[in-house]
Amino acid sequence: MPDKDKMSVEEILAACRKLDGGGDTSASQPSAAEEPPAPAATPAAEPPSGKKPSEMSVEEILAAARAEKAGRGEASSSEASAPTSAAAPVAPKKKPSEMSVEEILAAARAEKSRPATPAKPAAKPKPAASAKPAAKSSPKPAAGGKKPSGPLDTASILAAARKGSKRGPVSKEEAARTAAPAAAKAGSRVPPMPSKPDFLRPAAKSKPAESRRGFFGSLIGIVFGSAMAVGFVSLAVTQLLWLLGFARFMFPNILIEPPSKFKVGFPDVIGPGQVVTKFKAQFGVWIVRNEYEGVDQIYALRSVCTHLGCTPNWLEAEQKFKCPCHGSGFYKNGINFEGPAPRPLERYAITIADDGQLEVDKSRKFQQELGQWNDPQSFVPV
Amino acid sequence: MHGHVDHATFLQQISSFLGFYYIALAAMNGIAALAIWRGGRSKTLFRVGPLTFTNALLWTVVAFFFLLMAPLAMSGSEPLMRWVSMPDAFKHAADAVMGPVAYSLGSFLILAVLFSFRKFFVKTWVAWLGLNLSFLFMGLSITDPDFAAIVTKPDNVPIVGLIFLLGFFTWLATAKAVKNDERIARGEKPLEAVDNEKILVWPDLVYTELICMVALTALLLLWGIALQAPLEEPASSVKTPNPSKAPWYFLGLQEMLVYYDPWMAGVVLPSVVIVGLMAIPYIDFNRRGNGYYTINERKFAYVIFQFGFLVLWVTLIVMGTFLRGPNWNFFGFYETWDVHKVVPMNNVDLSEYFWIRGLGREMPRAPEGSGAGLELLYILWREAPGIILLIGYFTVIPPAMVVYSKFFRNMYLKMGLIRFMVMSHLLLLMGLLPIKMVCRWSFDLKYFIAIKEYFLNF
């Protein structure tokens with residue numbers, strides 16, 4: 001590519017292609033640009049080649065930019081802004097001395113209006129306009145080839161030319177014109193289906209003779225033979241077992257309640273006025289010997305508060321049942337007298353069994369407010 | 001927790017905590033003084049000769065006062081710690097005075113005073129002083145084993161924190177409302193309307209949430225390490241713990257259950273609370289106060305809500321948490337939880353008051369062997385006083401409010417019949433709780449209507 005004289009367009013294209021092809025060179029360019037002495041070969045080789053094409057295309061580019069400006073109405077705003085900003089900065093890359101004042105100003109203006117990203121190339125022309133352009137032009141092909149929105153330089157313009165697309169803004173008409181043939185081409189390019197080779201064609205089924213044995217055989221084969229059938233059957237069986245196990249789980253093998261009838265000892269061991277609390281934990285009942293309505297009797301009080309169902313405690317010192325939840329209090333005979341409990345404690349049925357022991361039956365309850373405490377089942381007279 | 005350790009051991013245990021507590025209080029005040037001084041907000045309080053006392057100096061003095069208390073508290077020896085303890089005379093007096101009546105009426109009065117003089121109490125220095133005093137009260141009281149037992153119980157520690165948190169947020173909202181009310185009175189816009197700049201969800205809100213999330217997780221971890229989970233003995237259907245307390249947020253309901261039948265206090269009134277809160281948007285016709293803090297522009301709504309929340313809910317939770325002991329008896333702050341404390345609570349139904357004590361007759365009772373219908377009629381006749389009273393309460397008072405109160409008349413004209421009746425009935429239902437509490441305290445009244453045969457009590 002080193003040719004210090006004027007190069008023809010083909011030569012420039014060849015140079016660009018070379019640059020494009022060498023990905024590693026394009027990648028290393030930015031670092032090369034920063035420190036000029038390091039890559040000796042590239043700067044030496046490049047200056048003329050970089051300078052020449054640009055020099056040649058200045059007029060063209062400026063003309064294009066001017067034409068651009070004139071025909072901006074047709075192009076959309078985004079399309080228009082990119083080329084103007086792209087075309088102008090190319091100018092300073094050529095020798096600044098060759099440019100007129102207007103051109104330089106226009107270039108500077110375009111420079112200013114450009115976004116932040118292209119700031120780097122803008123800074124470069126300043127330090128050394130004579131020596132640097134070489135380093136500058138070499139990074140361009142990489143950037144310009146990929147991104148048409150950046151400042152266009154010769155290489156990218158050429159790359160665009162190579163692609164056969166129009167450089168600069170594209171009107172809608174043009175876009176439609178270029179898109180249509182491409183679409184048509186794509187439509188016509190559908191590859192024909194290859195014909196199926198013989199060995200892939202299914203062999204013609206030989207019809208089996210309809211026989212009972214064959215039918216049952218195939219049935220057994222379907223149910224037990226195929227792997228899928230085995231899988232589904234075992235799954236169903238497992239599910240069924242789970243279901244049965246779950247149903248069994250709902251009916252645990254326990255006695256839900258302690259026997260509703262139980263014996264609490266002989267009546268003569270209970271002293272007058274005594275409250276037996278030892279059956280509370282197991283059966284939820286107090287056995288009390290007390291005088292009620294003039295009759296000395298033994299009765300079984302249910303240890304459930306009539307307010308909200310907590311379990312009251314028997315306080316021997318205060319001679320009362322007291323609920324820890326809301327402070328309801330009951331006398332020894334079960335009558336509520338303090339706190340929010342609305343009615344007296346309930347009694348269970350109590351009788352003397354055949355062996356002479358007291359027997360409590362929790363299946364029957366007696367409520368004072370319903371007048372049931374006069375029922376002979378509700379107490380055992382002493 | 002009571003009686004397990006002797007007093008000297010207890011003081012040893014509490015002293016290490018208490019020392020750091022006072023150091024933290026000193027640091028808190030020192031930082032406040034520094035912030036005031038550095039921020040150039042120090043104001044001269046008074047001058048003595050060439051010396052000027054500023055508020056920054058005041059909080060520095062307070063910080064030094066707490067700093068002096070710290071070593072005394074950390075000593076752990078009884079004679080020294082006496083100096084940082086509540087005087088016994090005060091404790092006894094407080095216990096003697098404290099009761100459900102004194103507590104409920106007292107907290108109501110305190111809140112009423114706070115509300116009435118809110119312009120004074122929202123001042124920063126007053127609030128700061130109040131915070132210091134409440135911390136000092138906690139510190140002085142915690143050397144009492146009974147007070148320490150209820151405050152340091154792992155169940156109750158978060159509730160102590162909640163009280164301070166609730167106080168802070170109530171103060172903050174009131175301060176903003178007072179500021180806005182003053183601006184509105186001067187004819188200016190509320191602060192929220194002036195500074196209505198919108199901020200972004202991302203990152204402003206999401207970052208705040210993230211920081212809160214991290215901080216709260218850290219707090220929960222520390223809490224989980226520092227305080228043991230309050231596990232109790234295995235549950236048993238025949239043994240109820242004494243006292244048996246609901247989760248803290250339901251203690252207001254549990255307190256309500258002391259005064260009402262479980263059906264009323266556990267089902268009807270909570271449902272009414274929820275339905276009533278849901279009905280507020282449909283009842284409220286006052287369009288002001290939308291999007292900014294204000295009290296004066298919606299005084300009725302504010303007062304009713306704060307009465308229901310602070311008085312009927314929060315103070316009852318505090319009472320249930322700290323002041324209810326074994327057998328659901330009331331215990332003062334410094335009182336030992338004695339299972340055998342006897343409190344006379346012989347409660348009487350209204351029907352008994354009326355028939356037996358008022359008229360000196362037997363309670364009406366259906367003759368032996370009569371049918372269920374006749375029995376029901378006799379029951380209704382027996383409970384007639386309570387039924388009539390209750391029907392009267394709900395039918396006479398709403399029209400009376402309209403007739404005799406100009407305020408409610410305006411409200412009725414704006415709301416229309418149905419909305420006004422809904423509003424007034426919700427109000428009356430809410431009023432039933434304090435009314436019943438007062439009746440219980442003053443006449444030992446158990447139930448207005450006591451149809452225990454059908455589990456219907458009111």
# chains A, B, ... in the order shown; residues from 1 in each chain; ligands from 1
call {"tool": "select_by_dssp", "arguments": {"residues": "stretch 224-441 of chain B", "states": "helix (DSSP H, G or I)", "output": "MDAnalysis selection string"}}
result
chainID B and resid 224:226 248:259 262:283 296:323 326:328 350:358 372:382 384:404 406:415 417:441
call {"tool": "interface_residues", "arguments": {"of": "chain A", "to": "chain B", "cutoff": "10 Å", "atoms": "only C-alpha atoms", "output": "VMD selection string"}}
result
chain A and resid 280 to 285 303 to 304 306 to 313 315 to 318 322 to 329 336 to 344 367 to 370
call {"tool": "closest_residue", "arguments": {"among": "B:Lys119, B:Ile31, B:His425, B:Ser134", "to": "B:Ile283", "atoms": "only C-alpha atoms"}}
result
B:His425
call {"tool": "residues_around", "arguments": {"residues": "stretch 13-20 of chain B", "least_positions_apart": "4", "cutoff": "12 Å", "atoms": "only C-alpha atoms", "output": "number ranges by chain"}}
result
B: 5-9, 24-28, 66-78, 80-82, 84-85, 135-136, 138-145, 147-149, 152
call {"tool": "atom_distance", "arguments": {"atom1": "atom CA of B:Trp337", "atom2": "atom CA of B:Leu251"}}
result
18.2 Å
call {"tool": "atom_distance", "arguments": {"atom1": "atom CA of B:Tyr293", "atom2": "atom CA of B:Ala177"}}
result
4.5 Å
call {"tool": "closest_residue", "arguments": {"among": "B:Ala89, B:Leu200, B:Leu350, B:Ala400", "to": "B:Phe443", "atoms": "only C-alpha atoms"}}
result
B:Leu350
call {"tool": "closest_residue", "arguments": {"among": "B:Phe354, B:Phe117, B:Phe307, B:Tyr292", "to": "B:Ala173", "atoms": "only C-alpha atoms"}}
result
B:Tyr292
call {"tool": "closest_residue", "arguments": {"among": "B:Val97, B:Leu390, B:Pro398, B:Phe250", "to": "B:Leu427", "atoms": "only C-alpha atoms"}}
result
B:Pro398
call {"tool": "closest_residue", "arguments": {"among": "B:Ile379, B:Tyr334, B:Lys436, B:Val272", "to": "B:Pro87", "atoms": "only C-alpha atoms"}}
result
B:Tyr334
